[in-house]
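Visitor: Below is the file final_33.csv, with CSV, C-alpha atoms.
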chain,number,residue,atom,x,y,z
A,57,MET,CA,136.5,-17.7,256.7
A,58,GLY,CA,134.0,-15.0,257.6
A,59,PHE,CA,136.5,-12.1,257.2
A,60,GLU,CA,136.0,-9.2,254.9
A,61,LYS,CA,138.7,-7.8,252.5
A,62,ARG,CA,139.5,-4.2,252.0
A,63,GLU,CA,140.3,-2.7,248.6
A,64,GLY,CA,143.5,-4.1,247.1
A,65,GLU,CA,143.9,-6.9,249.6
A,66,VAL,CA,145.0,-10.3,248.4
A,67,SER,CA,144.7,-13.7,250.1
A,68,LEU,CA,146.8,-16.8,249.5
A,69,PRO,CA,145.2,-19.7,247.5
A,70,PHE,CA,145.6,-21.8,250.7
A,71,ASP,CA,145.3,-21.3,254.4
A,72,PRO,CA,148.6,-21.5,256.4
A,73,ALA,CA,146.6,-22.7,259.4
A,74,ASP,CA,146.2,-26.0,257.5
A,75,SER,CA,149.9,-26.5,257.3
A,76,ASP,CA,151.4,-29.8,258.3
A,77,GLY,CA,154.3,-28.0,260.1
A,78,PRO,CA,155.3,-28.5,263.7
A,79,ARG,CA,153.0,-27.4,266.5
A,80,VAL,CA,153.8,-24.4,268.8
A,81,ALA,CA,153.4,-24.9,272.5
A,82,PHE,CA,151.9,-22.1,274.5
A,83,ILE,CA,154.4,-21.6,277.4
A,84,GLY,CA,152.2,-19.0,279.2
A,85,ARG,CA,149.8,-16.1,278.8
A,86,VAL,CA,150.0,-12.4,278.9
A,87,ARG,CA,148.0,-10.7,281.6
A,88,SER,CA,147.2,-7.1,280.5
A,89,ARG,CA,144.4,-4.6,281.0
A,90,TRP,CA,143.5,-4.7,277.3
A,91,GLN,CA,140.4,-6.3,275.9
A,92,PRO,CA,139.3,-6.5,272.3
A,93,GLY,CA,138.0,-3.0,271.4
A,94,ASP,CA,140.2,-1.0,273.8
A,95,ALA,CA,143.7,-2.2,273.0
A,96,PRO,CA,146.4,0.4,272.2
A,97,ARG,CA,147.5,0.7,268.6
A,98,ASN,CA,151.0,-0.4,269.4
A,99,ILE,CA,153.5,-0.8,272.2
A,100,ALA,CA,154.5,2.9,272.2
A,101,SER,CA,150.9,3.8,272.9
A,102,ALA,CA,150.7,1.1,275.6
A,103,ARG,CA,153.9,2.5,277.2
A,104,GLU,CA,152.4,6.0,277.2
A,105,ALA,CA,149.3,4.6,278.9
A,106,GLY,CA,151.7,3.6,281.7
A,107,SER,CA,150.1,0.3,282.5
A,108,GLU,CA,152.4,-2.5,283.5
A,109,ALA,CA,151.5,-6.1,282.5
A,110,ARG,CA,152.8,-9.6,283.3
A,111,VAL,CA,153.4,-12.9,281.8
A,112,GLU,CA,152.2,-16.0,283.7
A,113,LEU,CA,154.1,-19.1,282.6
A,114,ALA,CA,152.3,-22.4,282.2
A,115,PRO,CA,153.1,-25.2,284.7
A,116,GLY,CA,156.7,-26.6,284.3
A,117,TYR,CA,158.3,-23.6,282.6
A,118,ALA,CA,159.3,-21.5,285.7
A,119,PRO,CA,162.9,-23.0,285.9
A,120,GLY,CA,163.5,-21.4,282.4
A,121,LEU,CA,163.7,-18.0,284.2
A,122,GLN,CA,167.0,-18.8,286.0
A,123,GLY,CA,169.5,-16.2,285.0
A,124,LEU,CA,167.0,-13.5,284.1
A,125,GLU,CA,167.2,-10.3,286.2
A,126,VAL,CA,164.8,-7.4,287.0
A,127,GLY,CA,165.7,-4.4,284.8
A,128,GLN,CA,166.8,-6.6,281.9
A,129,HIS,CA,165.3,-6.2,278.5
A,130,ILE,CA,163.6,-9.2,276.9
A,131,VAL,CA,162.0,-10.0,273.6
A,132,LEU,CA,158.5,-11.3,274.4
A,133,ILE,CA,157.1,-13.4,271.6
A,134,TYR,CA,153.4,-14.1,271.5
A,135,TRP,CA,150.8,-15.7,269.2
A,136,MET,CA,148.0,-13.4,267.9
A,137,ASP,CA,145.5,-16.2,267.5
A,138,ARG,CA,142.4,-14.1,266.8
A,139,GLY,CA,142.9,-13.4,263.1
A,140,ARG,CA,143.0,-15.0,259.7
A,141,ARG,CA,146.4,-16.2,258.4
A,142,ASP,CA,146.0,-16.0,254.6
A,143,LEU,CA,146.0,-12.3,253.9
A,144,ILE,CA,149.3,-11.8,252.0
A,145,VAL,CA,148.6,-8.2,250.8
A,146,GLN,CA,146.9,-5.9,253.3
A,147,THR,CA,145.6,-2.4,253.5
A,148,PRO,CA,145.8,-1.4,257.2
A,149,ARG,CA,143.9,1.7,258.3
A,150,HIS,CA,147.0,3.7,258.8
A,151,VAL,CA,148.5,3.2,255.3
A,152,ASP,CA,147.2,4.6,252.1
A,153,HIS,CA,147.8,1.7,249.7
A,154,PRO,CA,148.1,-2.1,249.9
A,155,ARG,CA,151.3,-3.5,251.4
A,156,GLY,CA,152.8,-7.0,251.6
A,157,VAL,CA,152.4,-8.6,255.0
A,158,PHE,CA,156.2,-8.9,255.4
A,159,SER,CA,156.5,-5.1,255.3
A,160,LEU,CA,154.0,-4.7,258.0
A,161,ARG,CA,153.8,-5.5,261.8
A,162,SER,CA,150.1,-6.5,261.3
A,163,PRO,CA,149.0,-9.3,263.7
A,164,VAL,CA,147.3,-10.9,260.6
A,165,ARG,CA,150.1,-13.0,259.0
A,166,PRO,CA,150.8,-16.5,257.9
A,167,ASN,CA,152.3,-17.3,261.3
A,168,PRO,CA,150.7,-14.8,263.8
A,169,ILE,CA,153.9,-14.4,265.7
A,170,ALA,CA,154.2,-10.9,267.4
A,171,MET,CA,157.1,-9.6,269.4
A,172,SER,CA,158.0,-6.6,271.5
A,173,THR,CA,161.2,-5.6,273.4
A,174,VAL,CA,160.1,-5.0,277.0
A,175,ARG,CA,161.7,-4.4,280.4
A,176,VAL,CA,161.4,-6.9,283.2
A,177,THR,CA,160.0,-5.0,286.2
A,178,ALA,CA,159.5,-8.0,288.6
A,179,LEU,CA,160.3,-11.7,288.6
A,180,ASP,CA,158.9,-14.5,290.6
A,181,LYS,CA,161.0,-17.5,289.6
A,182,GLU,CA,159.1,-19.8,291.9
A,183,SER,CA,155.6,-19.3,290.4
A,184,GLY,CA,156.8,-18.3,287.0
A,185,VAL,CA,155.5,-14.7,286.8
A,186,ILE,CA,157.3,-11.9,285.0
A,187,GLY,CA,156.3,-8.3,285.4
A,188,ILE,CA,156.9,-6.2,282.3
A,189,ASP,CA,156.8,-2.4,281.7
A,190,ALA,CA,154.1,-2.5,279.0
A,191,ILE,CA,152.5,-4.7,276.3
A,192,ASP,CA,150.0,-3.9,273.5
A,193,CYS,CA,148.2,-7.3,273.3
A,194,PHE,CA,144.9,-8.5,274.8
A,195,ASP,CA,144.7,-10.1,278.2
A,196,GLY,CA,145.1,-13.9,277.7
A,197,THR,CA,147.3,-13.8,274.6
A,198,PRO,CA,149.4,-17.0,274.4
A,199,VAL,CA,153.1,-16.6,274.8
A,200,VAL,CA,155.5,-18.8,272.8
A,201,ASP,CA,159.0,-17.6,273.7
A,202,ILE,CA,161.0,-15.2,275.9
A,203,LYS,CA,164.6,-14.2,274.9
A,204,PRO,CA,167.2,-11.9,276.4
A,205,TRP,CA,167.5,-8.8,274.1
A,206,ILE,CA,171.1,-8.8,272.7
A,207,ASP,CA,172.3,-5.7,270.8
A,208,THR,CA,174.5,-7.6,268.3
A,209,ILE,CA,171.6,-9.9,267.3
A,210,ASP,CA,168.6,-7.5,267.6
A,211,MET,CA,169.9,-4.1,266.4
A,212,PRO,CA,170.9,-3.1,262.9
A,213,GLN,CA,174.6,-3.4,262.7
A,214,ASP,CA,175.4,-0.8,260.1
B,176,MET,CA,164.9,-38.6,272.9
B,177,GLY,CA,168.5,-39.8,272.3
B,178,PHE,CA,170.0,-36.5,273.5
B,179,GLU,CA,172.5,-36.3,276.3
B,180,LYS,CA,172.4,-33.9,279.2
B,181,ARG,CA,175.3,-31.9,280.6
B,182,GLU,CA,175.8,-31.4,284.3
B,183,GLY,CA,173.0,-29.3,285.9
B,184,GLU,CA,170.7,-29.5,282.9
B,185,VAL,CA,167.0,-30.0,283.6
B,186,SER,CA,164.3,-31.3,281.2
B,187,LEU,CA,160.6,-30.7,281.3
B,188,PRO,CA,158.4,-33.6,282.4
B,189,PHE,CA,156.7,-33.4,279.0
B,190,ASP,CA,157.8,-32.6,275.5
B,191,PRO,CA,156.5,-29.3,274.0
B,192,ALA,CA,156.7,-31.0,270.6
B,193,ASP,CA,153.7,-33.0,271.6
B,194,SER,CA,151.6,-29.8,272.2
B,195,ASP,CA,148.2,-29.5,270.8
B,196,GLY,CA,148.9,-25.9,269.8
B,197,PRO,CA,148.4,-24.4,266.3
B,198,ARG,CA,150.8,-25.4,263.5
B,199,VAL,CA,153.5,-23.2,262.1
B,200,ALA,CA,153.7,-22.9,258.4
B,201,PHE,CA,157.1,-22.8,256.7
B,202,ILE,CA,156.9,-19.8,254.5
B,203,GLY,CA,160.4,-20.4,252.9
B,204,ARG,CA,163.9,-21.5,253.5
B,205,VAL,CA,167.2,-19.9,254.4
B,206,ARG,CA,170.0,-20.5,251.8
B,207,SER,CA,173.4,-20.1,253.5
B,208,ARG,CA,176.8,-21.6,253.1
B,209,TRP,CA,176.6,-23.2,256.6
B,210,GLN,CA,176.3,-26.9,257.2
B,211,PRO,CA,176.1,-28.7,260.5
B,212,GLY,CA,179.6,-28.7,261.9
B,213,ASP,CA,180.8,-25.5,260.3
B,214,ALA,CA,178.2,-23.0,261.3
B,215,PRO,CA,179.3,-19.7,263.0
B,216,ARG,CA,178.7,-19.3,266.7
B,217,ASN,CA,176.3,-16.4,266.2
B,218,ILE,CA,175.3,-13.7,263.8
B,219,ALA,CA,178.2,-11.5,264.7
B,220,SER,CA,180.6,-14.2,263.6
B,221,ALA,CA,178.6,-14.8,260.5
B,222,ARG,CA,178.8,-11.1,259.6
B,223,GLU,CA,182.6,-11.1,260.2
B,224,ALA,CA,182.9,-14.1,257.8
B,225,GLY,CA,181.3,-11.7,255.3
B,226,SER,CA,179.1,-14.2,253.5
B,227,GLU,CA,175.8,-13.0,252.3
B,228,ALA,CA,172.8,-15.4,252.3
B,229,ARG,CA,169.3,-15.4,251.0
B,230,VAL,CA,165.7,-16.4,251.8
B,231,GLU,CA,163.7,-18.2,249.2
B,232,LEU,CA,160.0,-17.9,249.9
B,233,ALA,CA,157.7,-20.9,249.3
B,234,PRO,CA,155.2,-20.7,246.4
B,235,GLY,CA,152.4,-18.1,247.0
B,236,TYR,CA,154.2,-15.9,249.5
B,237,ALA,CA,156.1,-13.5,247.1
B,238,PRO,CA,153.3,-10.9,247.1
B,239,GLY,CA,154.0,-10.4,250.8
B,240,LEU,CA,157.3,-8.6,249.9
B,241,GLN,CA,155.4,-5.5,248.5
B,242,GLY,CA,156.6,-2.5,250.4
B,243,LEU,CA,160.0,-3.9,251.4
B,244,GLU,CA,163.1,-2.1,250.1
B,245,VAL,CA,166.7,-2.9,249.6
B,246,GLY,CA,168.8,-1.5,252.4
B,247,GLN,CA,166.0,-1.9,254.9
B,248,HIS,CA,166.5,-3.9,258.1
B,249,ILE,CA,164.2,-6.8,258.8
B,250,VAL,CA,163.7,-9.3,261.6
B,251,LEU,CA,164.1,-12.8,260.1
B,252,ILE,CA,162.4,-15.4,262.2
B,253,TYR,CA,163.3,-19.0,261.6
B,254,TRP,CA,162.6,-22.4,263.1
B,255,MET,CA,165.6,-24.4,264.4
B,256,ASP,CA,164.1,-27.8,263.9
B,257,ARG,CA,167.2,-30.0,264.6
B,258,GLY,CA,167.1,-30.0,268.4
B,259,ARG,CA,165.1,-31.2,271.4
B,260,ARG,CA,162.5,-28.9,272.8
B,261,ASP,CA,162.3,-30.0,276.5
B,262,LEU,CA,165.5,-28.7,278.0
B,263,ILE,CA,164.3,-26.0,280.4
B,264,VAL,CA,167.7,-25.5,282.2
B,265,GLN,CA,170.8,-25.6,280.0
B,266,THR,CA,174.6,-25.4,280.4
B,267,PRO,CA,175.9,-24.1,277.0
B,268,ARG,CA,179.6,-24.4,276.4
B,269,HIS,CA,180.2,-20.7,276.7
B,270,VAL,CA,178.7,-20.2,280.2
B,271,ASP,CA,180.0,-21.7,283.5
B,272,HIS,CA,176.8,-22.6,285.2
B,273,PRO,CA,173.3,-23.8,284.3
B,274,ARG,CA,170.9,-21.2,283.0
B,275,GLY,CA,167.2,-21.1,282.3
B,276,VAL,CA,166.4,-21.3,278.6
B,277,PHE,CA,164.6,-17.9,278.7
B,278,SER,CA,167.9,-16.2,279.6
B,279,LEU,CA,169.7,-17.8,276.7
B,280,ARG,CA,169.5,-17.5,272.9
B,281,SER,CA,170.0,-21.2,272.6
B,282,PRO,CA,168.3,-22.9,269.5
B,283,VAL,CA,167.2,-25.6,271.9
B,284,ARG,CA,164.0,-24.3,273.4
B,285,PRO,CA,160.3,-25.1,273.9
B,286,ASN,CA,159.5,-23.4,270.6
B,287,PRO,CA,162.7,-23.3,268.5
B,288,ILE,CA,162.0,-19.9,267.2
B,289,ALA,CA,165.2,-18.0,266.4
B,290,MET,CA,165.5,-14.4,265.1
B,291,SER,CA,168.1,-12.0,263.8
B,292,THR,CA,168.0,-8.4,262.6
B,293,VAL,CA,169.5,-8.4,259.1
B,294,ARG,CA,169.8,-6.0,256.2
B,295,VAL,CA,168.1,-6.6,252.9
B,296,THR,CA,170.8,-6.6,250.1
B,297,ALA,CA,168.6,-7.7,247.2
B,298,LEU,CA,165.0,-8.3,246.5
B,299,ASP,CA,163.3,-10.2,243.7
B,300,LYS,CA,159.6,-9.6,244.4
B,301,GLU,CA,158.6,-11.8,241.4
B,302,SER,CA,160.3,-15.0,242.5
B,303,GLY,CA,160.2,-14.3,246.2
B,304,VAL,CA,164.0,-14.2,246.9
B,305,ILE,CA,165.5,-11.8,249.5
B,306,GLY,CA,169.2,-11.3,249.8
B,307,ILE,CA,170.5,-10.6,253.3
B,308,ASP,CA,173.8,-9.4,254.7
B,309,ALA,CA,174.4,-12.5,256.9
B,310,ILE,CA,172.8,-15.2,258.8
B,311,ASP,CA,174.1,-17.8,261.3
B,312,CYS,CA,171.8,-20.8,260.6
B,313,PHE,CA,172.2,-23.8,258.4
B,314,ASP,CA,171.4,-24.0,254.7
B,315,GLY,CA,167.7,-25.1,254.4
B,316,THR,CA,166.5,-23.8,257.8
B,317,PRO,CA,162.8,-23.1,257.6
B,318,VAL,CA,161.6,-19.5,257.8
B,319,VAL,CA,158.4,-18.7,259.7
B,320,ASP,CA,158.2,-14.9,259.5
B,321,ILE,CA,159.7,-11.7,258.2
B,322,LYS,CA,159.0,-8.3,259.8
B,323,PRO,CA,160.2,-4.8,259.2
B,324,TRP,CA,162.5,-3.8,262.1
B,325,ILE,CA,161.0,-0.8,263.9
B,326,ASP,CA,162.9,1.0,266.6
B,327,THR,CA,160.0,1.8,268.9
B,328,ILE,CA,159.0,-1.9,269.0
B,329,ASP,CA,162.4,-3.6,268.8
B,330,MET,CA,164.7,-1.4,270.9
B,331,PRO,CA,164.8,-0.9,274.6
B,332,GLN,CA,163.0,2.3,275.3
B,333,ASP,CA,164.7,3.5,278.4
Show me, as structure tokens, the structure contained in the file I just sent.

Guide:
Amino acid sequence: MGFEKREGEVSLPFDPADSDGPRVAFIGRVRSRWQPGDAPRNIASAREAGSEARVELAPGYAPGLQGLEVGQHIVLIYWMDRGRRDLIVQTPRHVDHPRGVFSLRSPVRPNPIAMSTVRVTALDKESGVIGIDAIDCFDGTPVVDIKPWIDTIDMPQD
Amino acid sequence: MGFEKREGEVSLPFDPADSDGPRVAFIGRVRSRWQPGDAPRNIASAREAGSEARVELAPGYAPGLQGLEVGQHIVLIYWMDRGRRDLIVQTPRHVDHPRGVFSLRSPVRPNPIAMSTVRVTALDKESGVIGIDAIDCFDGTPVVDIKPWIDTIDMPQD
């Protein structure tokens, strides 16, 4: 696939991208100031950088914003479509030994779903634009879902 | 599509299931005691019912568990494949007026991605089976991702 492996990394004997599973629909795009090469390491770094971002919904999806409010926290779910999907054991730069992909938040995963809990800073329910306090992904990253953050579902309960 | 609408509900002029987006790979299945008709309303109810559940990974994915530990909290991400995907404004039984899908945790959504933060109660890294404290979805629900829960990413930060 044109990707290199680091020491200890293991790939699947198949590519999840060749799955016959259902298709994801891109419901919009993230607009951020990040480009490949200058993106923050994670959402905490993005928040420290203090740069707001926004989500622009694709045509048709704006009515789905009814009931959302400025100030509310949402889970933004996006699709990190720039990487390979078959690397089941990985050695990220910040860890010292190989780790399974399900113990990492790496964007390289069988389904490159990424998510962050962010705060809604602005809402245009007509045009389908949502201002958010920060995000760590590249400008143009496809969005696949937006959910209200709910403590009983999204927080450890013990 | 053979689904009925309630008062105030609005559907998209297209079906997100017909998207030309990338395909999701099912990395495993949830094994729970719930069947259509007797499922709990949400994960809080499932937890009160006190029934543990498990995730069985599909062949090849077990090495992805390296680095996970019993007692750790994970975000389990699954695909609710039994519903329509085009209902952009909905009137769930527990709310009194129509709401946009992005303000609801309804399983009926453009991409039927659902997620819950659960605790790992057992781990078989050889066979790829993960015990979890509770889940609210039907037995057999496809799993699309597992992530470690991380407070700086998954909690509101203000």

Visitor: Would you mind listing, for every residue of chain A within 6 Å of chain B, the two atoms forming the shortest contact and the distance between them in Å to one decimal, using only C-alpha atoms, sorted by chain and ascending residue number, as JSON lines?

Guide:
{"residue": "A:Pro72", "atom": "CA", "partner": "B:Ala200", "partner_atom": "CA", "distance": 5.7}
{"residue": "A:Ser75", "atom": "CA", "partner": "B:Ala200", "partner_atom": "CA", "distance": 5.3}
{"residue": "A:Gly77", "atom": "CA", "partner": "B:Val199", "partner_atom": "CA", "distance": 5.3}
{"residue": "A:Pro78", "atom": "CA", "partner": "B:Arg198", "partner_atom": "CA", "distance": 5.5}
{"residue": "A:Arg79", "atom": "CA", "partner": "B:Arg198", "partner_atom": "CA", "distance": 4.2}
{"residue": "A:Val80", "atom": "CA", "partner": "B:Gly196", "partner_atom": "CA", "distance": 5.2}
{"residue": "A:Ala81", "atom": "CA", "partner": "B:Ser194", "partner_atom": "CA", "distance": 5.2}
{"residue": "A:Pro119", "atom": "CA", "partner": "B:Gly275", "partner_atom": "CA", "distance": 5.9}
{"residue": "A:Gly120", "atom": "CA", "partner": "B:Gly275", "partner_atom": "CA", "distance": 3.7}
{"residue": "A:Leu121", "atom": "CA", "partner": "B:Gly275", "partner_atom": "CA", "distance": 5.0}
{"residue": "A:Gln122", "atom": "CA", "partner": "B:Gly275", "partner_atom": "CA", "distance": 4.4}
{"residue": "A:Gly123", "atom": "CA", "partner": "B:Arg274", "partner_atom": "CA", "distance": 5.6}
{"residue": "A:Leu124", "atom": "CA", "partner": "B:Ser278", "partner_atom": "CA", "distance": 5.3}
{"residue": "A:Ile144", "atom": "CA", "partner": "B:Gly239", "partner_atom": "CA", "distance": 5.0}
{"residue": "A:Val145", "atom": "CA", "partner": "B:Gly239", "partner_atom": "CA", "distance": 5.8}
{"residue": "A:Arg155", "atom": "CA", "partner": "B:Gln241", "partner_atom": "CA", "distance": 5.4}
{"residue": "A:Gly156", "atom": "CA", "partner": "B:Gly239", "partner_atom": "CA", "distance": 3.7}
{"residue": "A:Val157", "atom": "CA", "partner": "B:Gly239", "partner_atom": "CA", "distance": 4.8}
{"residue": "A:Phe158", "atom": "CA", "partner": "B:Lys322", "partner_atom": "CA", "distance": 5.2}
{"residue": "A:Ser159", "atom": "CA", "partner": "B:Leu243", "partner_atom": "CA", "distance": 5.4}
{"residue": "A:Ser172", "atom": "CA", "partner": "B:Ile328", "partner_atom": "CA", "distance": 5.4}
{"residue": "A:Thr173", "atom": "CA", "partner": "B:Asp329", "partner_atom": "CA", "distance": 5.2}
{"residue": "A:Ile202", "atom": "CA", "partner": "B:Phe277", "partner_atom": "CA", "distance": 5.3}
{"residue": "A:Lys203", "atom": "CA", "partner": "B:Phe277", "partner_atom": "CA", "distance": 5.3}
{"residue": "A:Pro204", "atom": "CA", "partner": "B:Ser278", "partner_atom": "CA", "distance": 5.4}
{"residue": "A:Ile209", "atom": "CA", "partner": "B:Ser291", "partner_atom": "CA", "distance": 5.4}
{"residue": "A:Asp210", "atom": "CA", "partner": "B:Thr292", "partner_atom": "CA", "distance": 5.1}

Visitor: With all atoms listed in the file as the basis for distance, which of A:Gly127, A:Gly139, A:Pro163, A:Pro198 is at the shortest distance from Ala178 (chain A)?

Guide: A:Gly127

Visitor: Pick out the residues sitting within 7 Å of Ile310 (chain B), and hand them over as a list in words; count all atoms listed in the file, and ignore anything fewer than 2 positions along from it in its own chain.

Guide: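 The neighbour list is Ile218, Ala221, Ala228 and Cys312 of chain B.
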
Visitor: Have a look at CA of Gly106 (chain A) and CA of Arg89 (chain A) and let me know their distance in Å, one decimal.

Guide: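 Result for CA of Gly106 (chain A) versus CA of Arg89 (chain A): 11.0 Å, one decimal.
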
Visitor: Taking only C-alpha atoms into account, which of A:Leu113, A:Gly84, A:Glu63, A:Gly93 comes nearest Glu182 (chain A)?

Guide: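 Among the listed residues, A:Leu113 lies closest to Glu182 (chain A).
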
Visitor: Determine, counting all atoms listed in the file, which protein, DNA and RNA residues have an atom within 8 Å of an atom of Ala214 (chain B); residues of the same chain fewer than 4 positions away are not included. Present the result as a JSON list (two decimals) with C-alpha atoms, in the coordinates of the input.

Guide:
[["chain", "number", "residue", "atom", "x", "y", "z"],
["B", 209, "TRP", "CA", 176.60, -23.20, 256.60],
["B", 210, "GLN", "CA", 176.30, -26.90, 257.20],
["B", 311, "ASP", "CA", 174.10, -17.80, 261.30],
["B", 312, "CYS", "CA", 171.80, -20.80, 260.60],
["B", 313, "PHE", "CA", 172.20, -23.80, 258.40]]
